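This is query06.txt (compact mmCIF, C-alpha atoms and all ligand atoms).
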# COMPACT_ATOMS: atom_id res chain seq x y z
CA MET A 1 15.68 7.41 20.01
CA VAL A 2 18.03 10.26 20.89
CA SER A 3 19.46 12.72 18.39
CA GLU A 4 23.04 14.04 18.39
CA GLN A 5 21.66 17.14 20.11
CA GLY A 6 20.22 15.04 22.94
CA ILE A 7 16.61 15.39 21.78
CA ARG A 8 14.54 12.26 22.41
CA TRP A 9 12.21 11.52 19.53
CA GLU A 10 9.90 8.98 17.95
CA GLY A 11 8.08 9.00 14.68
CA GLY A 12 8.46 9.34 10.96
CA GLU A 13 5.27 7.39 10.25
CA SER A 14 2.85 8.75 7.70
CA TYR A 15 -0.12 8.32 10.01
CA GLY A 16 1.24 10.05 13.10
CA PRO A 17 3.76 9.05 15.71
CA ARG A 18 2.46 6.03 17.60
CA ARG A 19 -0.84 6.75 15.85
CA ILE A 20 -1.82 9.26 18.54
CA LEU A 21 -1.62 12.43 16.44
CA PRO A 22 -3.93 13.39 13.59
CA LEU A 23 -1.20 14.69 11.32
CA ARG A 24 -3.25 17.13 9.28
CA TRP A 25 -4.37 19.01 12.37
CA ALA A 26 -0.93 18.73 13.96
CA ALA A 27 0.49 20.40 10.85
CA VAL A 28 -2.07 23.21 11.17
CA VAL A 29 -1.20 23.74 14.84
CA ALA A 30 2.47 23.74 13.87
CA GLY A 31 1.74 26.73 11.62
CA LEU A 32 2.49 24.92 8.35
CA GLY A 33 -0.84 25.54 6.65
CA ILE A 34 -4.61 25.16 7.00
CA CYS A 35 -7.30 22.52 6.56
CA ARG A 36 -9.83 23.34 3.87
CA LYS A 37 -13.50 22.44 3.65
CA ASN A 38 -12.60 19.14 1.95
CA ASN A 39 -10.67 18.23 5.14
CA PHE A 40 -7.27 18.15 3.45
CA PHE A 41 -4.21 19.97 4.71
CA TYR A 42 -3.06 22.77 2.40
CA THR A 43 -0.10 25.03 2.07
CA GLU A 44 -0.03 27.79 -0.52
CA LYS A 45 1.02 25.05 -2.99
CA GLY A 46 -2.09 22.94 -2.53
CA SER A 47 -2.93 19.69 -0.78
CA TYR A 48 -0.83 17.00 -2.43
CA TYR A 49 1.44 16.25 0.50
CA LYS A 50 2.61 13.20 2.37
CA LEU A 51 2.86 14.22 6.01
CA GLU A 52 5.21 12.58 8.50
CA GLY A 53 5.10 13.39 12.21
CA TYR A 54 7.58 13.24 15.05
CA LEU A 55 7.18 13.39 18.81
CA LEU A 56 9.96 15.31 20.57
CA ASP A 57 10.70 15.86 24.24
CA ARG A 58 11.27 19.60 23.66
CA ASP A 59 9.05 22.61 23.30
CA LEU A 60 9.58 24.29 19.95
CA GLU A 61 9.23 27.92 19.01
CA LEU A 62 6.88 28.79 16.14
CA ARG A 63 8.88 31.20 13.96
CA GLN A 64 6.69 31.43 10.92
CA ASN A 65 3.00 30.89 10.52
CA ARG A 66 2.16 30.04 6.92
CA LYS A 67 -1.59 30.29 6.63
CA PRO A 68 -3.02 30.57 3.12
CA LYS A 69 -6.37 32.29 2.64
CA ALA A 70 -9.35 30.27 3.88
CA CYS A 71 -11.88 28.73 1.46
CA PRO A 72 -14.27 31.21 -0.15
CA GLU A 73 -17.51 31.15 1.80
CA LYS A 74 -19.64 30.10 -1.17
CA CYS A 75 -17.29 27.54 -2.71
CA ASP A 76 -18.57 23.96 -2.71
CA LEU A 77 -16.69 22.57 -5.71
CA CYS A 78 -15.18 19.75 -3.65
CA ARG A 79 -18.56 18.65 -2.34
CA ARG A 80 -20.07 18.72 -5.79
CA ALA A 81 -17.16 16.65 -7.15
CA CYS A 82 -17.68 13.90 -4.58
CA GLY A 83 -19.59 11.17 -6.44
CA THR A 84 -20.72 9.36 -3.28
CA ARG A 85 -21.65 12.47 -1.26
CA ALA A 86 -19.10 11.42 1.37
CA LEU A 87 -18.41 15.12 1.84
CA SER A 88 -21.71 15.75 3.51
CA ALA A 89 -20.94 19.27 4.80
CA ASP A 90 -18.03 21.68 5.04
CA TYR A 91 -15.20 20.12 7.07
CA THR A 92 -17.25 16.92 7.39
CA MET A 93 -16.58 13.60 5.68
CA ASN A 94 -18.18 10.19 6.10
CA PRO A 95 -15.36 7.67 5.60
CA LEU A 96 -17.86 4.86 5.12
CA ALA A 97 -19.10 6.60 1.97
CA CYS A 98 -15.65 7.50 0.68
CA VAL A 99 -14.26 5.84 -2.45
CA SER A 100 -10.76 6.33 -1.12
CA PHE A 101 -11.60 4.26 1.96
CA TRP A 102 -13.32 1.40 0.12
CA THR A 103 -10.67 1.02 -2.59
CA THR A 104 -7.95 0.67 0.05
CA PHE A 105 -8.66 -0.17 3.71
CA GLY A 106 -12.15 -1.39 2.70
CA LYS A 107 -10.61 -4.06 0.41
CA GLY A 108 -12.50 -3.06 -2.71
CA ALA A 109 -16.02 -3.57 -1.36
CA VAL A 110 -19.00 -1.47 -2.51
CA PRO A 111 -21.45 -1.77 0.38
CA PRO A 112 -25.05 -0.59 -0.15
CA PRO A 113 -26.32 2.04 -0.50
CA LEU A 114 -23.17 2.85 -2.48
CA ARG A 115 -23.29 1.86 -6.13
CA GLU A 116 -20.47 0.70 -8.36
CA GLU A 117 -20.91 3.50 -10.86
CA GLN A 118 -20.24 6.07 -8.12
CA PHE A 119 -16.66 4.76 -7.92
CA ALA A 120 -15.98 5.88 -11.51
CA GLN A 121 -12.53 4.66 -12.60
CA TRP A 122 -10.67 4.94 -9.32
CA ILE A 123 -8.53 1.88 -8.56
CA CYS A 124 -6.68 2.94 -5.43
CA GLY A 125 -7.87 6.00 -3.53
CA CYS A 126 -9.83 8.93 -4.98
CA ASP A 127 -8.72 12.52 -5.50
CA ASP A 128 -11.90 14.03 -6.91
CA CYS A 129 -12.43 16.46 -4.02
CA GLN A 130 -8.81 17.61 -4.25
CA ASP A 131 -8.65 17.76 -8.04
CA ALA A 132 -11.77 19.95 -8.14
CA CYS A 133 -10.29 22.50 -5.76
CA PRO A 134 -9.07 25.78 -7.31
CA TYR A 135 -6.22 25.87 -4.80
CA ASN A 136 -4.80 22.73 -6.40
CA ARG A 137 -4.61 24.15 -9.90
CA HIS A 138 -1.04 24.26 -10.99
CA ASP A 139 1.27 23.39 -13.83
CA TRP A 140 1.99 19.65 -13.68
CA ASP A 141 5.09 20.21 -15.81
CA GLN A 142 6.74 21.76 -12.77
CA GLY A 143 8.41 19.78 -10.01
CA GLU A 144 10.07 16.39 -10.06
CA ASP A 145 8.85 13.29 -11.86
CA PHE A 146 7.63 10.42 -9.71
CA PRO A 147 10.63 8.09 -9.59
CA GLY A 148 10.32 5.08 -11.89
CA LEU A 149 6.89 6.08 -13.22
CA ASP A 150 7.81 5.26 -16.85
CA ARG A 151 8.50 1.65 -15.91
CA LEU A 152 5.14 1.37 -14.10
CA VAL A 153 2.80 2.90 -16.64
CA GLU A 154 1.97 -0.35 -18.44
CA LEU A 155 1.27 -2.31 -15.27
CA MET A 156 -0.85 0.52 -13.86
CA GLN A 157 -3.36 0.19 -16.71
CA ALA A 158 -6.52 -1.45 -15.33
CA GLU A 159 -6.55 -4.09 -18.10
CA ASN A 160 -3.05 -5.17 -17.07
CA MET A 161 -3.64 -5.01 -13.33
CA VAL A 162 -6.53 -7.48 -13.46
CA LYS A 163 -4.25 -10.16 -14.89
CA ALA A 164 -0.97 -9.20 -13.16
CA SER A 165 0.72 -11.76 -10.91
CA ASP A 166 0.69 -11.40 -7.13
CA GLU A 167 4.43 -10.90 -7.34
CA ALA A 168 4.22 -8.00 -9.81
CA LEU A 169 1.51 -6.24 -7.79
CA ARG A 170 3.35 -6.82 -4.52
CA GLU A 171 6.68 -5.59 -5.80
CA GLN A 172 5.71 -2.77 -8.11
CA ILE A 173 2.32 -1.36 -7.14
CA ILE A 174 1.66 -1.98 -3.45
CA PRO A 175 4.84 -0.28 -2.16
CA ARG A 176 3.68 2.89 -3.92
CA THR A 177 0.30 3.02 -2.19
CA VAL A 178 1.90 4.45 0.98
CA ALA A 179 0.52 1.61 3.13
CA HIS A 180 -3.04 2.13 1.89
CA VAL A 181 -2.97 -1.35 0.31
CA LEU A 182 -1.12 -4.10 2.17
CA ALA A 183 1.05 -6.88 0.73
CA ASP A 184 -1.71 -9.47 1.17
CA GLN A 185 -4.26 -7.32 -0.70
CA THR A 186 -3.40 -8.12 -4.32
CA ALA A 187 -7.02 -9.28 -4.72
CA THR A 188 -8.19 -5.78 -3.74
CA LEU A 189 -6.25 -4.24 -6.63
CA ARG A 190 -7.65 -6.75 -9.13
CA LEU A 191 -11.16 -6.16 -7.83
CA THR A 192 -10.94 -2.38 -8.11
CA ALA A 193 -9.18 -2.57 -11.49
CA ALA A 194 -11.97 -4.80 -12.85
CA ARG A 195 -14.52 -2.31 -11.58
CA ALA A 196 -12.63 0.56 -13.24
CA LEU A 197 -12.77 -1.34 -16.54
CA ARG A 198 -16.54 -1.81 -16.22
CA SER A 199 -16.93 1.90 -15.44
CA ALA A 200 -14.85 2.87 -18.46
CA ALA A 201 -16.95 0.59 -20.68
CA ALA A 202 -20.17 2.07 -19.26
CA ALA A 203 -18.88 5.61 -19.86
CA ARG A 204 -18.02 4.73 -23.48
CA GLU A 205 -21.47 3.21 -23.98
CA ALA A 206 -23.15 6.29 -22.47
CA GLY A 207 -21.09 8.50 -24.80
CA ARG A 208 -22.27 6.49 -27.83
CA THR A 209 -25.93 6.75 -26.87
CA ALA A 210 -25.84 10.44 -25.81
S1 LIG A 301 -11.86 11.11 -1.68
FE1 LIG A 301 -13.45 10.91 -3.25
S2 LIG A 301 -15.16 9.85 -2.27
FE2 LIG A 301 -13.77 10.53 -0.62
S3 LIG A 301 -14.61 12.49 0.02
FE3 LIG A 301 -13.11 12.98 -1.59
S4 LIG A 301 -14.26 12.97 -3.54
FE4 LIG A 301 -15.55 12.00 -1.96
S1 LIG A 302 -13.09 23.27 -3.54
FE1 LIG A 302 -13.62 25.25 -2.60
S2 LIG A 302 -14.61 24.72 -0.66
FE2 LIG A 302 -13.55 22.89 -1.38
S3 LIG A 302 -11.58 22.94 -0.38
FE3 LIG A 302 -11.30 23.92 -2.34
S4 LIG A 302 -11.66 26.11 -2.02
FE4 LIG A 302 -12.43 25.01 -0.23

Before anything else, please render the file you have as structure tokens.
Amino acid sequence: MVSEQGIRWEGGESYGPRRILPLRWAAVVAGLGICRKNNFFYTEKGSYYKLEGYLLDRDLELRQNRKPKACPEKCDLCRRACGTRALSADYTMNPLACVSFWTTFGKGAVPPPLREEQFAQWICGCDDCQDACPYNRHDWDQGEDFPGLDRLVELMQAENMVKASDEALREQIIPRTVAHVLADQTATLRLTAARALRSAAAAREAGRTA
């Protein structure tokens, strides 16, 4: 494609133009932020970003370099929060042990040696290593509401997702997974929702016997 200014470009995909660029590291090289020990891209506002990349046929000038402070040397809160030990070392993650991978691209499977209880109540993805990070602490009352969230809350409850129709999941849930769950993966959502219900029941039982 060619812009009005005559710049040839491709891109806009969340996973990197033509899938040749790792977007997190491209964003670091572009001076937009840093990668932290949990492997996520951060600006001074934290790591909850959806990155989109473009390939241009022009060299660009870096005018500002926004680099927040690096992780404290002794901090390992993200690694300790990872229930499957997928974060095996700083800046190192094993995707085949990651809850986020198995609840999405991995179609809900729990392959040994992983155990169901390690997945806690995650249905699609996992944010434990980001939620635990002090650089993600902020006031959730700030910013904009997720569009249409009120209308989705009921369906997003695990007990409703397990019995939702393919149509409801395809139209209302899957488009909001940012291509992590595909249109033909309604069974994945039911599988992970059922597992979340079992985890919640187990947690309640453990609380009663503690
Ligand atoms: S997303 Fe979840 S399972 Fe994956 S590395 Fe982070 S905490 Fe571990
Ligand atoms: S939890 Fe600590 S070590 Fe992990 S990314 Fe955040 S600051 Fe870095």

Q: Find, counting all atoms listed in the file, the residue in A:Leu23, A:Ala86, A:Cys133, A:Val110 that gets nearest to ligand LIG 302 (chain A).
A: A:Cys133

Around all the atoms of ligand LIG 302 (chain A) listed in the file, with 8 Å of room on each side, what axis-aligned box do you get, giving centre and edge lengths in Å to one decimal, as lines of an AutoDock Vina configuration file?
center_x = -13.0
center_y = 24.5
center_z = -1.9
size_x = 19.3
size_y = 19.2
size_z = 19.3

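For the residues A:Ala132, A:Ala194, A:Leu189, A:Ala210, ranking by smallest atom-to-atom distance to ligand LIG 301 (chain A) using all atoms listed in the file places A:Ala132 first.
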
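Candidate residues A:Leu55, A:Cys129, A:Leu96, A:Leu114 were compared for distance to ligand LIG 302 (chain A), and the nearest is A:Cys129, using all atoms listed in the file.
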
Q) Of the candidates A:Met93, A:Ile20, A:Leu169, A:Ala30, which shows the shortest atom-to-atom distance to Arg63 (chain A), using all atoms listed in the file? A) A:Ala30

Q: For Arg170 (chain A), please output as a VMD selection string all residues within 8 Å (counting all atoms listed in the file; exclusion window: fewer than 5 positions along the same chain).
A: chain A and resid 175 183 186

Q.
Please find the residues contacting ligand LIG 302 (chain A) at a distance of at most 9 Å between atoms, with all atoms listed in the file counted, and report them as an MDAnalysis selection string.
A. chainID A and resid 35:40 42 70:81 90:91 129:136

Q: Write out as JSON, numbers by chain each polymer residue (protein, DNA or RNA) that has an atom no more than 6 Å from ligand LIG 301 (chain A), with all atoms listed in the file counted.
A: {"A": [81, 82, 84, 86, 87, 98, 99, 100, 126, 127, 128, 129]}

Q | Selection near Gly33 (chain A), 8 Å with all atoms listed in the file, sequence-local residues under 2 positions removed, as a PyMOL selection string | A | chain A and resi 27-28+31+35+41-44+65-68

Just-selected residues, C-alpha atoms written as a PDB file, keeping the file's coordinate frame:
ATOM      1  CA  ALA A  27       0.490  20.400  10.850  1.00  0.00           C
ATOM      2  CA  VAL A  28      -2.070  23.210  11.170  1.00  0.00           C
ATOM      3  CA  GLY A  31       1.740  26.730  11.620  1.00  0.00           C
ATOM      4  CA  CYS A  35      -7.300  22.520   6.560  1.00  0.00           C
ATOM      5  CA  PHE A  41      -4.210  19.970   4.710  1.00  0.00           C
ATOM      6  CA  TYR A  42      -3.060  22.770   2.400  1.00  0.00           C
ATOM      7  CA  THR A  43      -0.100  25.030   2.070  1.00  0.00           C
ATOM      8  CA  GLU A  44      -0.030  27.790  -0.520  1.00  0.00           C
ATOM      9  CA  ASN A  65       3.000  30.890  10.520  1.00  0.00           C
ATOM     10  CA  ARG A  66       2.160  30.040   6.920  1.00  0.00           C
ATOM     11  CA  LYS A  67      -1.590  30.290   6.630  1.00  0.00           C
ATOM     12  CA  PRO A  68      -3.020  30.570   3.120  1.00  0.00           C
TER      13      PRO A  68
END

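Residue nearest Ser47 (chain A) within the list A:Gln5, A:Glu205, A:Ala179, A:Ile34: A:Ile34 [criterion: smallest interatomic distance, only C-alpha atoms].
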
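Look at Val2 (chain A): the protein and nucleic acid residues within 12 Å of it, using all atoms listed in the file and passing over chain neighbours fewer than 2 places away, are A:Glu4, A:Gln5, A:Gly6, A:Ile7, A:Arg8, A:Trp9, A:Glu10, A:Gly11, A:Leu55, A:Leu56, A:Asp57, A:Arg58.
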
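CA of Gly106 (chain A) lies 11.6 Å from CA of Leu191 (chain A).
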
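In this comparison, which uses only C-alpha atoms, the residue of A:Asn160, A:Leu21, A:Asp145, A:Val153 approaching Leu197 (chain A) most closely is A:Asn160.
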
(Q) The residues within 6 Å of (-3.5, 2.0, -2.9), using all atoms listed in the file and the coordinates of the file, should be reported as a count of residues only; which are they? (A) 6

What would region 122-157 of chain A look like if you wrote it out as a PDB file, in the first residue's frame, with N, CA and C atoms included, from the block I just posted?
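Below is the file selection-v1.pdb, written as the result:
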ATOM      1  N   TRP A 122      -8.058 -19.451  35.133  1.00  0.00           N
ATOM      2  CA  TRP A 122      -7.902 -18.784  33.842  1.00  0.00           C
ATOM      3  C   TRP A 122      -8.690 -19.517  32.758  1.00  0.00           C
ATOM      4  N   ILE A 123      -9.434 -18.774  31.972  1.00  0.00           N
ATOM      5  CA  ILE A 123     -10.233 -19.361  30.879  1.00  0.00           C
ATOM      6  C   ILE A 123      -9.569 -19.080  29.533  1.00  0.00           C
ATOM      7  N   CYS A 124      -9.104 -17.880  29.349  1.00  0.00           N
ATOM      8  CA  CYS A 124      -8.456 -17.514  28.081  1.00  0.00           C
ATOM      9  C   CYS A 124      -7.250 -16.640  28.414  1.00  0.00           C
ATOM     10  N   GLY A 125      -6.061 -17.195  28.236  1.00  0.00           N
ATOM     11  CA  GLY A 125      -4.857 -16.448  28.583  1.00  0.00           C
ATOM     12  C   GLY A 125      -4.542 -16.563  30.061  1.00  0.00           C
ATOM     13  N   CYS A 126      -3.570 -15.812  30.502  1.00  0.00           N
ATOM     14  CA  CYS A 126      -3.141 -15.772  31.915  1.00  0.00           C
ATOM     15  C   CYS A 126      -2.340 -14.482  32.064  1.00  0.00           C
ATOM     16  N   ASP A 127      -2.628 -13.751  33.125  1.00  0.00           N
ATOM     17  CA  ASP A 127      -1.912 -12.488  33.358  1.00  0.00           C
ATOM     18  C   ASP A 127      -1.157 -12.498  34.681  1.00  0.00           C
ATOM     19  N   ASP A 128      -0.995 -13.663  35.284  1.00  0.00           N
ATOM     20  CA  ASP A 128      -0.420 -13.680  36.635  1.00  0.00           C
ATOM     21  C   ASP A 128       0.935 -12.973  36.705  1.00  0.00           C
ATOM     22  N   CYS A 129       1.795 -13.206  35.701  1.00  0.00           N
ATOM     23  CA  CYS A 129       3.142 -12.623  35.781  1.00  0.00           C
ATOM     24  C   CYS A 129       3.114 -11.113  35.503  1.00  0.00           C
ATOM     25  N   GLN A 130       2.051 -10.624  34.893  1.00  0.00           N
ATOM     26  CA  GLN A 130       1.925  -9.176  34.704  1.00  0.00           C
ATOM     27  C   GLN A 130       1.222  -8.546  35.907  1.00  0.00           C
ATOM     28  N   ASP A 131       0.198  -9.238  36.410  1.00  0.00           N
ATOM     29  CA  ASP A 131      -0.536  -8.683  37.553  1.00  0.00           C
ATOM     30  C   ASP A 131       0.354  -8.556  38.790  1.00  0.00           C
ATOM     31  N   ALA A 132       1.328  -9.480  38.926  1.00  0.00           N
ATOM     32  CA  ALA A 132       2.186  -9.465  40.111  1.00  0.00           C
ATOM     33  C   ALA A 132       3.229  -8.349  40.063  1.00  0.00           C
ATOM     34  N   CYS A 133       3.411  -7.764  38.910  1.00  0.00           N
ATOM     35  CA  CYS A 133       4.520  -6.828  38.718  1.00  0.00           C
ATOM     36  C   CYS A 133       4.209  -5.444  39.308  1.00  0.00           C
ATOM     37  N   PRO A 134       5.093  -4.921  40.143  1.00  0.00           N
ATOM     38  CA  PRO A 134       4.838  -3.596  40.742  1.00  0.00           C
ATOM     39  C   PRO A 134       4.693  -2.496  39.696  1.00  0.00           C
ATOM     40  N   TYR A 135       5.274  -2.676  38.542  1.00  0.00           N
ATOM     41  CA  TYR A 135       5.159  -1.637  37.500  1.00  0.00           C
ATOM     42  C   TYR A 135       3.801  -1.662  36.800  1.00  0.00           C
ATOM     43  N   ASN A 136       2.951  -2.590  37.185  1.00  0.00           N
ATOM     44  CA  ASN A 136       1.592  -2.612  36.637  1.00  0.00           C
ATOM     45  C   ASN A 136       0.557  -2.164  37.658  1.00  0.00           C
ATOM     46  N   ARG A 137       1.026  -1.695  38.816  1.00  0.00           N
ATOM     47  CA  ARG A 137       0.051  -1.260  39.809  1.00  0.00           C
ATOM     48  C   ARG A 137      -0.463   0.115  39.439  1.00  0.00           C
ATOM     49  N   HIS A 138      -1.732   0.187  39.205  1.00  0.00           N
ATOM     50  CA  HIS A 138      -2.318   1.493  38.945  1.00  0.00           C
ATOM     51  C   HIS A 138      -3.801   1.464  39.290  1.00  0.00           C
ATOM     52  N   ASP A 139      -4.393   2.619  39.201  1.00  0.00           N
ATOM     53  CA  ASP A 139      -5.783   2.793  39.579  1.00  0.00           C
ATOM     54  C   ASP A 139      -6.674   2.381  38.402  1.00  0.00           C
ATOM     55  N   TRP A 140      -7.393   1.263  38.578  1.00  0.00           N
ATOM     56  CA  TRP A 140      -8.227   0.767  37.473  1.00  0.00           C
ATOM     57  C   TRP A 140      -9.436   1.657  37.209  1.00  0.00           C
ATOM     58  N   ASP A 141      -9.679   2.647  38.092  1.00  0.00           N
ATOM     59  CA  ASP A 141     -10.782   3.566  37.813  1.00  0.00           C
ATOM     60  C   ASP A 141     -10.407   4.580  36.749  1.00  0.00           C
ATOM     61  N   GLN A 142      -9.097   4.649  36.441  1.00  0.00           N
ATOM     62  CA  GLN A 142      -8.681   5.599  35.402  1.00  0.00           C
ATOM     63  C   GLN A 142      -8.792   4.956  34.021  1.00  0.00           C
ATOM     64  N   GLY A 143      -8.804   5.790  33.007  1.00  0.00           N
ATOM     65  CA  GLY A 143      -8.843   5.278  31.638  1.00  0.00           C
ATOM     66  C   GLY A 143     -10.256   5.014  31.158  1.00  0.00           C
ATOM     67  N   GLU A 144     -10.346   4.405  29.989  1.00  0.00           N
ATOM     68  CA  GLU A 144     -11.658   4.183  29.374  1.00  0.00           C
ATOM     69  C   GLU A 144     -12.150   2.775  29.660  1.00  0.00           C
ATOM     70  N   ASP A 145     -13.482   2.648  29.763  1.00  0.00           N
ATOM     71  CA  ASP A 145     -14.059   1.318  29.953  1.00  0.00           C
ATOM     72  C   ASP A 145     -13.918   0.504  28.669  1.00  0.00           C
ATOM     73  N   PHE A 146     -13.768  -0.803  28.830  1.00  0.00           N
ATOM     74  CA  PHE A 146     -13.753  -1.683  27.662  1.00  0.00           C
ATOM     75  C   PHE A 146     -15.129  -1.604  27.006  1.00  0.00           C
ATOM     76  N   PRO A 147     -15.178  -1.297  25.694  1.00  0.00           N
ATOM     77  CA  PRO A 147     -16.485  -1.084  25.076  1.00  0.00           C
ATOM     78  C   PRO A 147     -17.382  -2.325  25.138  1.00  0.00           C
ATOM     79  N   GLY A 148     -18.600  -2.113  25.621  1.00  0.00           N
ATOM     80  CA  GLY A 148     -19.594  -3.192  25.640  1.00  0.00           C
ATOM     81  C   GLY A 148     -19.402  -4.210  26.748  1.00  0.00           C
ATOM     82  N   LEU A 149     -18.518  -3.921  27.718  1.00  0.00           N
ATOM     83  CA  LEU A 149     -18.232  -4.918  28.752  1.00  0.00           C
ATOM     84  C   LEU A 149     -19.490  -5.280  29.560  1.00  0.00           C
ATOM     85  N   ASP A 150     -20.310  -4.273  29.878  1.00  0.00           N
ATOM     86  CA  ASP A 150     -21.519  -4.543  30.680  1.00  0.00           C
ATOM     87  C   ASP A 150     -22.375  -5.635  30.053  1.00  0.00           C
ATOM     88  N   ARG A 151     -22.478  -5.602  28.733  1.00  0.00           N
ATOM     89  CA  ARG A 151     -23.352  -6.563  28.045  1.00  0.00           C
ATOM     90  C   ARG A 151     -22.740  -7.966  28.026  1.00  0.00           C
ATOM     91  N   LEU A 152     -21.416  -8.046  28.283  1.00  0.00           N
ATOM     92  CA  LEU A 152     -20.725  -9.336  28.185  1.00  0.00           C
ATOM     93  C   LEU A 152     -20.553 -10.049  29.514  1.00  0.00           C
ATOM     94  N   VAL A 153     -20.734  -9.287  30.598  1.00  0.00           N
ATOM     95  CA  VAL A 153     -20.353  -9.813  31.912  1.00  0.00           C
ATOM     96  C   VAL A 153     -21.031 -11.152  32.209  1.00  0.00           C
ATOM     97  N   GLU A 154     -22.321 -11.254  31.943  1.00  0.00           N
ATOM     98  CA  GLU A 154     -23.034 -12.501  32.239  1.00  0.00           C
ATOM     99  C   GLU A 154     -22.451 -13.672  31.473  1.00  0.00           C
ATOM    100  N   LEU A 155     -22.281 -13.484  30.164  1.00  0.00           N
ATOM    101  CA  LEU A 155     -21.777 -14.574  29.324  1.00  0.00           C
ATOM    102  C   LEU A 155     -20.351 -14.968  29.702  1.00  0.00           C
ATOM    103  N   MET A 156     -19.573 -14.004  30.211  1.00  0.00           N
ATOM    104  CA  MET A 156     -18.181 -14.305  30.544  1.00  0.00           C
ATOM    105  C   MET A 156     -18.029 -15.110  31.833  1.00  0.00           C
ATOM    106  N   GLN A 157     -19.119 -15.311  32.565  1.00  0.00           N
ATOM    107  CA  GLN A 157     -19.024 -16.152  33.767  1.00  0.00           C
ATOM    108  C   GLN A 157     -18.824 -17.594  33.330  1.00  0.00           C
TER     109      GLN A 157
END
